[in-house]
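Structure data follow from protein_7.csv (CSV, C-alpha atoms):
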```csv
chain,number,residue,atom,x,y,z
A,1,MET,CA,-11.1,-9.0,42.8
A,2,LYS,CA,-10.7,-10.4,39.3
A,3,THR,CA,-9.5,-7.8,36.9
A,4,ASP,CA,-11.8,-7.0,33.9
A,5,PRO,CA,-10.2,-8.6,30.9
A,6,THR,CA,-12.2,-6.6,28.3
A,7,PHE,CA,-9.4,-4.2,27.3
A,8,TRP,CA,-6.8,-7.0,27.4
A,9,LEU,CA,-8.9,-9.1,25.0
A,10,LEU,CA,-9.6,-6.0,22.8
A,11,ALA,CA,-5.9,-5.2,22.7
A,12,ARG,CA,-5.1,-8.7,21.4
A,13,ALA,CA,-7.9,-8.8,19.0
A,14,SER,CA,-7.2,-5.4,17.6
A,15,GLY,CA,-3.5,-6.3,17.2
A,16,LEU,CA,-4.3,-9.3,15.1
A,17,THR,CA,-6.9,-7.4,13.2
A,18,ALA,CA,-4.4,-4.7,12.4
A,19,TYR,CA,-2.0,-7.3,11.2
A,20,ALA,CA,-4.6,-8.9,8.9
A,21,LEU,CA,-5.6,-5.5,7.5
A,22,LEU,CA,-1.9,-4.6,6.9
A,23,THR,CA,-1.5,-7.9,5.1
A,24,ALA,CA,-4.6,-7.3,3.0
A,25,SER,CA,-3.5,-3.8,2.1
A,26,VAL,CA,0.0,-5.0,1.1
A,27,LEU,CA,-1.6,-7.7,-1.1
A,28,ALA,CA,-4.0,-5.1,-2.7
A,29,GLY,CA,-1.0,-2.9,-3.4
A,30,LEU,CA,0.9,-5.8,-5.0
A,31,VAL,CA,-2.2,-6.7,-7.1
A,32,LEU,CA,-2.3,-3.1,-8.2
A,33,LYS,CA,1.3,-3.2,-9.2
A,34,SER,CA,1.4,-6.5,-11.1
A,35,ARG,CA,-2.2,-6.6,-12.2
A,36,PRO,CA,-2.7,-10.4,-12.2
A,37,PHE,CA,-6.4,-10.0,-12.4
A,38,ARG,CA,-7.1,-8.1,-15.6
A,39,SER,CA,-10.8,-7.7,-14.9
A,40,LEU,CA,-10.2,-5.7,-11.7
A,41,LYS,CA,-10.5,-1.9,-12.2
A,42,PRO,CA,-7.2,-0.3,-11.1
A,43,ALA,CA,-9.2,2.6,-9.5
A,44,SER,CA,-11.1,0.1,-7.3
A,45,VAL,CA,-7.9,-1.7,-6.3
A,46,THR,CA,-6.3,1.6,-5.4
A,47,ASP,CA,-9.2,2.7,-3.3
A,48,THR,CA,-9.3,-0.7,-1.6
A,49,HIS,CA,-5.5,-0.6,-1.0
A,50,ARG,CA,-5.7,2.8,0.7
A,51,PHE,CA,-8.9,2.1,2.6
A,52,LEU,CA,-7.4,-1.2,4.1
A,53,ALA,CA,-4.3,0.7,5.2
A,54,LEU,CA,-6.5,3.3,6.9
A,55,LEU,CA,-8.5,0.7,8.6
A,56,GLY,CA,-5.3,-1.0,9.7
A,57,LEU,CA,-4.0,2.3,11.2
A,58,GLY,CA,-7.3,2.6,13.0
A,59,ALA,CA,-6.9,-0.9,14.4
A,60,ILE,CA,-3.3,-0.1,15.5
A,61,ALA,CA,-4.6,3.0,17.3
A,62,LEU,CA,-7.2,0.9,19.1
A,63,HIS,CA,-4.4,-1.7,19.8
A,64,GLY,CA,-2.2,0.9,21.5
A,65,LEU,CA,-5.1,2.7,23.3
A,66,THR,CA,-6.4,-0.5,24.9
A,67,LEU,CA,-2.9,-1.6,25.9
A,68,VAL,CA,-2.5,1.6,27.8
A,69,VAL,CA,-5.9,1.4,29.4
A,70,ASP,CA,-5.5,-2.2,30.4
A,71,LYS,CA,-3.5,-3.1,33.5
A,72,THR,CA,-2.2,-6.5,32.4
A,73,VAL,CA,1.0,-5.0,30.9
A,74,HIS,CA,2.0,-1.6,32.1
A,75,LEU,CA,2.3,0.4,29.0
A,76,THR,CA,2.6,4.2,29.3
A,77,PRO,CA,1.5,6.5,26.5
A,78,ALA,CA,5.2,7.4,26.0
A,79,ALA,CA,5.9,3.7,25.3
A,80,LEU,CA,3.5,3.8,22.4
A,81,LEU,CA,5.6,6.5,20.7
A,82,VAL,CA,9.1,5.7,21.8
A,83,PRO,CA,10.5,2.4,20.6
A,84,GLY,CA,12.1,0.5,23.5
A,85,ALA,CA,10.3,2.5,26.2
A,86,SER,CA,8.0,-0.4,27.1
A,87,PRO,CA,8.9,-2.3,30.3
A,88,TYR,CA,7.0,-5.3,28.8
A,89,ARG,CA,9.1,-7.1,26.1
A,90,PRO,CA,10.9,-3.9,25.1
A,91,LEU,CA,12.4,-5.2,21.9
A,92,PRO,CA,9.3,-6.8,20.3
A,93,VAL,CA,7.1,-4.0,21.4
A,94,GLY,CA,9.6,-1.4,20.2
A,95,ILE,CA,9.7,-3.1,16.8
A,96,GLY,CA,5.9,-2.9,16.7
A,97,VAL,CA,6.0,0.8,17.6
A,98,LEU,CA,8.5,1.4,14.8
A,99,ALA,CA,6.4,-0.5,12.3
A,100,ALA,CA,3.3,1.5,13.2
A,101,GLU,CA,5.1,4.8,12.9
A,102,LEU,CA,6.6,3.9,9.6
A,103,MET,CA,3.2,2.8,8.4
A,104,LEU,CA,1.7,6.2,9.4
A,105,VAL,CA,4.5,7.9,7.4
A,106,VAL,CA,3.9,5.8,4.3
A,107,TYR,CA,0.2,6.4,4.5
A,108,ALA,CA,0.6,10.2,5.1
A,109,SER,CA,3.1,10.4,2.2
A,110,PHE,CA,0.2,9.8,-0.2
A,111,ALA,CA,-1.1,13.2,0.5
A,112,LEU,CA,2.4,14.7,0.3
A,113,ARG,CA,3.4,12.9,-2.9
A,114,ARG,CA,3.4,16.1,-5.0
A,115,ARG,CA,5.6,17.9,-2.6
A,116,ILE,CA,8.1,15.0,-2.2
A,117,GLY,CA,7.8,13.9,-5.9
A,118,THR,CA,6.2,10.7,-7.1
A,119,ARG,CA,9.6,9.0,-7.5
A,120,ASN,CA,10.5,9.6,-3.8
A,121,TRP,CA,7.0,8.6,-2.8
A,122,ARG,CA,7.5,5.3,-4.6
A,123,ARG,CA,10.9,4.8,-2.9
A,124,LEU,CA,9.3,5.4,0.4
A,125,HIS,CA,6.7,2.8,-0.4
A,126,TRP,CA,9.4,0.2,-0.4
A,127,ALA,CA,9.5,0.6,3.4
A,128,THR,CA,6.2,-1.3,3.4
A,129,TYR,CA,8.2,-4.6,3.1
A,130,ALA,CA,10.1,-3.6,6.3
A,131,ILE,CA,6.9,-2.6,8.0
A,132,PHE,CA,5.3,-6.0,7.1
A,133,GLY,CA,8.4,-7.8,8.4
A,134,ALA,CA,8.5,-5.8,11.5
A,135,ALA,CA,4.8,-6.3,12.2
A,136,THR,CA,5.3,-10.0,11.7
A,137,VAL,CA,8.2,-10.2,14.2
A,138,HIS,CA,6.3,-8.0,16.6
A,139,GLY,CA,3.2,-10.2,16.5
A,140,LEU,CA,5.1,-13.4,16.8
A,141,ALA,CA,7.4,-12.2,19.6
A,142,ALA,CA,5.1,-10.0,21.6
A,143,GLY,CA,1.8,-11.6,20.9
A,144,THR,CA,0.1,-13.6,23.7
A,145,ASP,CA,-1.6,-15.9,21.2
A,146,THR,CA,1.4,-16.8,19.1
A,147,ALA,CA,1.6,-20.4,20.3
A,148,GLN,CA,-2.0,-21.0,19.4
A,149,PRO,CA,-2.4,-23.0,16.2
A,150,TRP,CA,-5.0,-20.6,14.8
A,151,ALA,CA,-2.7,-17.6,15.4
A,152,LEU,CA,0.3,-19.3,13.9
A,153,SER,CA,-1.8,-20.2,10.9
A,154,LEU,CA,-2.7,-16.5,10.5
A,155,TYR,CA,1.0,-15.5,10.5
A,156,LEU,CA,2.0,-18.3,8.1
A,157,ALA,CA,-0.9,-17.5,5.7
A,158,ALA,CA,0.1,-13.8,5.8
A,159,ILE,CA,3.8,-14.4,5.2
A,160,GLY,CA,3.1,-17.0,2.5
A,161,SER,CA,0.6,-14.8,0.6
A,162,VAL,CA,2.8,-11.7,0.8
A,163,ALA,CA,5.9,-13.6,-0.3
A,164,GLY,CA,4.0,-15.2,-3.1
A,165,ALA,CA,2.5,-11.9,-4.4
A,166,ALA,CA,5.9,-10.2,-4.1
A,167,THR,CA,7.6,-13.0,-6.0
A,168,TRP,CA,4.8,-12.7,-8.7
A,169,ARG,CA,5.4,-9.0,-8.9
A,170,ALA,CA,9.2,-9.5,-9.2
A,171,LEU,CA,8.9,-12.2,-11.9
A,172,ALA,CA,5.9,-11.1,-13.9
A,173,PRO,CA,6.9,-9.3,-17.1
A,174,PRO,CA,6.7,-5.5,-16.7
A,175,LEU,CA,3.4,-4.0,-17.7
A,176,SER,CA,3.4,-2.6,-21.2
A,177,PRO,CA,0.0,-3.3,-22.7
A,178,GLN,CA,-0.5,-4.0,-26.3
A,179,PRO,CA,-1.8,-0.8,-27.8
A,180,ARG,CA,-5.2,-1.1,-29.5
A,181,ARG,CA,-5.0,-0.8,-33.3
A,182,THR,CA,-7.6,1.4,-34.8
A,183,SER,CA,-7.0,0.9,-38.5
B,1,MET,CA,6.2,5.1,-37.8
B,2,THR,CA,4.0,4.4,-34.9
B,3,VAL,CA,1.9,7.3,-33.5
B,4,TYR,CA,0.2,6.9,-30.1
B,5,ARG,CA,-3.0,8.7,-29.5
B,6,ILE,CA,-3.5,9.4,-25.8
B,7,GLU,CA,-6.9,9.6,-24.1
B,8,ILE,CA,-7.3,10.5,-20.4
B,9,ASP,CA,-10.5,9.7,-18.6
B,10,ARG,CA,-10.7,12.9,-16.5
B,11,SER,CA,-13.5,11.4,-14.3
B,12,LEU,CA,-11.0,8.7,-13.2
B,13,CYS,CA,-7.8,10.7,-13.0
B,14,SER,CA,-6.8,11.5,-9.4
B,15,GLY,CA,-3.7,13.6,-10.3
B,16,PHE,CA,-1.4,10.9,-9.0
B,17,GLY,CA,1.4,11.9,-11.3
B,18,ALA,CA,2.8,8.5,-12.3
B,19,CYS,CA,2.3,9.3,-15.9
B,20,VAL,CA,4.4,12.5,-15.6
B,21,ASP,CA,7.2,10.3,-14.1
B,22,GLU,CA,7.1,7.8,-16.9
B,23,ALA,CA,6.7,10.2,-19.8
B,24,GLY,CA,7.2,13.8,-18.8
B,25,ASP,CA,7.3,15.0,-22.3
B,26,ALA,CA,3.8,13.8,-23.0
B,27,PHE,CA,2.1,14.4,-19.7
B,28,ARG,CA,1.8,17.1,-17.2
B,29,LEU,CA,-0.4,17.9,-14.2
B,30,GLU,CA,-2.7,20.9,-14.5
B,31,ASN,CA,-4.8,21.9,-11.5
B,32,GLY,CA,-4.2,18.4,-10.1
B,33,ILE,CA,-5.5,16.6,-13.2
B,34,ALA,CA,-3.3,15.0,-15.9
B,35,VAL,CA,-3.3,16.5,-19.3
B,36,ALA,CA,-1.5,14.9,-22.2
B,37,VAL,CA,-0.4,15.8,-25.7
B,38,THR,CA,-2.9,14.4,-28.2
B,39,THR,CA,-0.4,12.2,-30.0
B,40,SER,CA,3.1,11.1,-29.3
B,41,THR,CA,5.7,8.9,-30.9
B,42,ASP,CA,7.3,8.1,-27.6
B,43,PRO,CA,6.7,4.5,-26.6
B,44,ARG,CA,7.1,5.5,-22.9
B,45,VAL,CA,3.4,6.7,-23.1
B,46,LEU,CA,2.6,3.0,-22.9
B,47,GLU,CA,4.5,2.7,-19.6
B,48,ALA,CA,2.6,5.8,-18.4
B,49,ALA,CA,-0.7,4.2,-19.2
B,50,ALA,CA,0.4,1.0,-17.3
B,51,ALA,CA,1.6,3.0,-14.3
B,52,CYS,CA,-1.6,4.9,-13.8
B,53,PRO,CA,-3.1,3.7,-10.5
B,54,MET,CA,-6.5,4.7,-11.6
B,55,GLY,CA,-6.3,3.1,-15.1
B,56,ALA,CA,-7.4,6.4,-16.5
B,57,ILE,CA,-5.1,6.5,-19.5
B,58,THR,CA,-5.8,4.7,-22.8
B,59,VAL,CA,-3.2,4.6,-25.5
B,60,VAL,CA,-4.3,3.8,-29.0
B,61,GLU,CA,-1.7,2.9,-31.6
B,62,GLU,CA,-2.1,4.5,-35.0
B,63,GLN,CA,-0.1,3.9,-38.1
B,64,ALA,CA,0.9,7.2,-39.5
B,65,ALA,CA,1.3,7.6,-43.2
```
In structure tokens, write the structure found in this file.
Amino acid sequence: MKTDPTFWLLARASGLTAYALLTASVLAGLVLKSRPFRSLKPASVTDTHRFLALLGLGAIALHGLTLVVDKTVHLTPAALLVPGASPYRPLPVGIGVLAAELMLVVYASFALRRRIGTRNWRRLHWATYAIFGAATVHGLAAGTDTAQPWALSLYLAAIGSVAGAATWRALAPPLSPQPRRTS
Amino acid sequence: MTVYRIEIDRSLCSGFGACVDEAGDAFRLENGIAVAVTTSTDPRVLEAAAACPMGAITVVEEQAA
């Protein structure tokens, strides 16, 4: 009997979706920080940034759930939580698990920012670069579709845009708006 | 001497606290909403306005006599 590929396809699609959403959230965060588009309202960018991250976490949850339900790779629920516990490509899968857990911590830290202090919250946010890097490695090394030109294009576009936006952020002069003169 | 007049749009403020980080002498959080001194001579209030993730802070430069 041929096995039903529904969950396997869902697992791959949700993984790529999560990666695209993470990339979009990182880009929105960088836009918020360096404000290259002056016409965008910071409040809208902030909301978009957080919402994309939340959607990304949702896609990651679906990614993990469908991988456990599907029988193509034998992933236990424990392997979703413990990096390296997966019998299937333990290192790349473990890197993905770590990235997801770190992303959850960074997302949750928003609600805790008053307790940990805004400065520590900001330091923690630097982990996002590691998360993006880990997610990229995870996708490339564990993903079934990596060799497909369209998938490779997605990864290259994500890496290129994040690297470009991060460079812009690093090189753009710090924000200190000219105050309005009243008299 | 430059005096900065600070305006906070309370409908936008989310109590993020970046302003307090940048210029703790001028800003503080009260019940989760930022409040500021009316005027300040500290140029760091400009950094605070730029750091606000909601864009809720307007700083107006005034020339004091």
Quick one: everything within 12 Å of Arg123 of chain A, counting all atoms listed in the file, minus sequence neighbours fewer than 6 positions away in the same chain. Send it as a PyMOL selection string.
chain A and resi 106+109+113+116-117+129
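Counting all atoms listed in the file and comparing B:Ser11, B:Leu29, B:Ala18, B:Met1, the residue that lies closest to chain A is B:Ala18.
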Within 10 Å of chain A, which residues belong to chain B? Use all atoms listed in the file and report them as JSON, numbers by chain.
{"B": [4, 5, 12, 13, 14, 15, 16, 17, 18, 19, 20, 21, 22, 32, 43, 44, 45, 46, 47, 48, 49, 50, 51, 52, 53, 54, 55, 56, 58, 59, 60, 61, 62, 63]}
What is the distance between atom CA of His49 of chain A and atom CA of Ser25 of chain A, in Å to one decimal?
4.9 Å
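Comparing A:Tyr107, A:Ala13, A:Leu30, A:Ala20 by their smallest distance to Ala170 of chain A, the closest is A:Leu30 (using only C-alpha atoms).
Atom CA of Ala23 of chain B to atom CA of Pro173 of chain A spans 19.7 Å [interatomic distance, one decimal].
Minimum atom-to-atom distances from A:Leu104, A:Ala172, A:Leu27, A:Leu40 to Ala157 of chain A were compared using only C-alpha atoms, and the lowest value belongs to A:Leu27.
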From the coordinates supplied, segment 26-39 of chain B should be written with all heavy atoms, as a compact mmCIF listing (two decimals), in the first residue's frame.
```
# COMPACT_ATOMS: atom_id res chain seq x y z
N ALA B 26 14.77 61.94 31.61
CA ALA B 26 13.63 62.65 31.04
C ALA B 26 12.37 61.79 30.97
O ALA B 26 11.25 62.31 30.95
CB ALA B 26 13.97 63.18 29.64
N PHE B 27 12.58 60.46 30.90
CA PHE B 27 11.43 59.57 30.71
C PHE B 27 11.32 58.58 31.86
O PHE B 27 12.32 58.15 32.44
CB PHE B 27 11.58 58.77 29.40
CG PHE B 27 11.55 59.61 28.16
CD1 PHE B 27 12.71 60.17 27.66
CD2 PHE B 27 10.36 59.84 27.47
CE1 PHE B 27 12.70 60.94 26.51
CE2 PHE B 27 10.33 60.61 26.33
CZ PHE B 27 11.50 61.16 25.85
N ARG B 28 10.10 58.19 32.14
CA ARG B 28 9.87 57.06 33.04
C ARG B 28 8.56 56.40 32.65
O ARG B 28 7.75 56.99 31.92
CB ARG B 28 9.85 57.51 34.50
CG ARG B 28 8.69 58.41 34.85
CD ARG B 28 8.79 58.88 36.31
NE ARG B 28 7.56 59.54 36.72
CZ ARG B 28 7.21 60.77 36.36
NH1 ARG B 28 8.03 61.48 35.59
NH2 ARG B 28 6.07 61.30 36.75
N LEU B 29 8.39 55.16 33.10
CA LEU B 29 7.15 54.45 32.80
C LEU B 29 6.22 54.56 34.00
O LEU B 29 6.63 54.34 35.14
CB LEU B 29 7.42 52.98 32.48
CG LEU B 29 8.11 52.67 31.16
CD1 LEU B 29 8.27 51.17 31.00
CD2 LEU B 29 7.33 53.24 29.98
N GLU B 30 5.00 54.92 33.74
CA GLU B 30 3.99 55.01 34.79
C GLU B 30 2.79 54.19 34.35
O GLU B 30 2.17 54.51 33.33
CB GLU B 30 3.59 56.47 35.00
CG GLU B 30 3.75 56.93 36.43
CD GLU B 30 3.55 58.42 36.59
OE1 GLU B 30 2.51 58.92 36.15
OE2 GLU B 30 4.47 59.09 37.12
N ASN B 31 2.48 53.15 35.09
CA ASN B 31 1.38 52.24 34.72
C ASN B 31 1.54 51.74 33.28
O ASN B 31 0.56 51.65 32.54
CB ASN B 31 0.02 52.92 34.90
CG ASN B 31 -0.21 53.35 36.34
OD1 ASN B 31 0.18 52.64 37.28
ND2 ASN B 31 -0.80 54.51 36.53
N GLY B 32 2.78 51.46 32.90
CA GLY B 32 3.02 50.90 31.58
C GLY B 32 2.97 51.89 30.44
O GLY B 32 3.01 51.49 29.28
N ILE B 33 2.88 53.16 30.75
CA ILE B 33 2.86 54.19 29.70
C ILE B 33 3.98 55.18 30.01
O ILE B 33 4.21 55.53 31.17
CB ILE B 33 1.49 54.92 29.66
CG1 ILE B 33 0.36 53.96 29.30
CG2 ILE B 33 1.53 56.09 28.70
CD1 ILE B 33 0.35 53.51 27.86
N ALA B 34 4.66 55.61 28.95
CA ALA B 34 5.77 56.55 29.16
C ALA B 34 5.25 57.94 29.51
O ALA B 34 4.28 58.41 28.93
CB ALA B 34 6.63 56.62 27.91
N VAL B 35 5.91 58.52 30.49
CA VAL B 35 5.67 59.93 30.76
C VAL B 35 7.03 60.62 30.72
O VAL B 35 8.06 60.01 31.00
CB VAL B 35 4.99 60.17 32.13
CG1 VAL B 35 3.55 59.73 32.10
CG2 VAL B 35 5.73 59.46 33.24
N ALA B 36 7.01 61.88 30.33
CA ALA B 36 8.26 62.60 30.18
C ALA B 36 8.17 63.96 30.84
O ALA B 36 7.07 64.49 31.06
CB ALA B 36 8.58 62.79 28.69
N VAL B 37 9.33 64.48 31.17
CA VAL B 37 9.37 65.87 31.60
C VAL B 37 8.93 66.72 30.41
O VAL B 37 9.05 66.30 29.26
CB VAL B 37 10.78 66.28 32.07
CG1 VAL B 37 11.17 65.50 33.31
CG2 VAL B 37 11.80 66.05 30.96
N THR B 38 8.38 67.89 30.67
CA THR B 38 7.87 68.71 29.58
C THR B 38 8.99 69.21 28.68
O THR B 38 8.92 69.12 27.46
CB THR B 38 7.09 69.91 30.15
OG1 THR B 38 6.30 69.45 31.24
CG2 THR B 38 6.21 70.54 29.09
N THR B 39 10.04 69.70 29.32
CA THR B 39 11.18 70.18 28.55
C THR B 39 12.47 69.63 29.13
O THR B 39 12.54 69.31 30.32
CB THR B 39 11.26 71.73 28.56
OG1 THR B 39 11.31 72.16 29.92
CG2 THR B 39 10.08 72.36 27.85
```
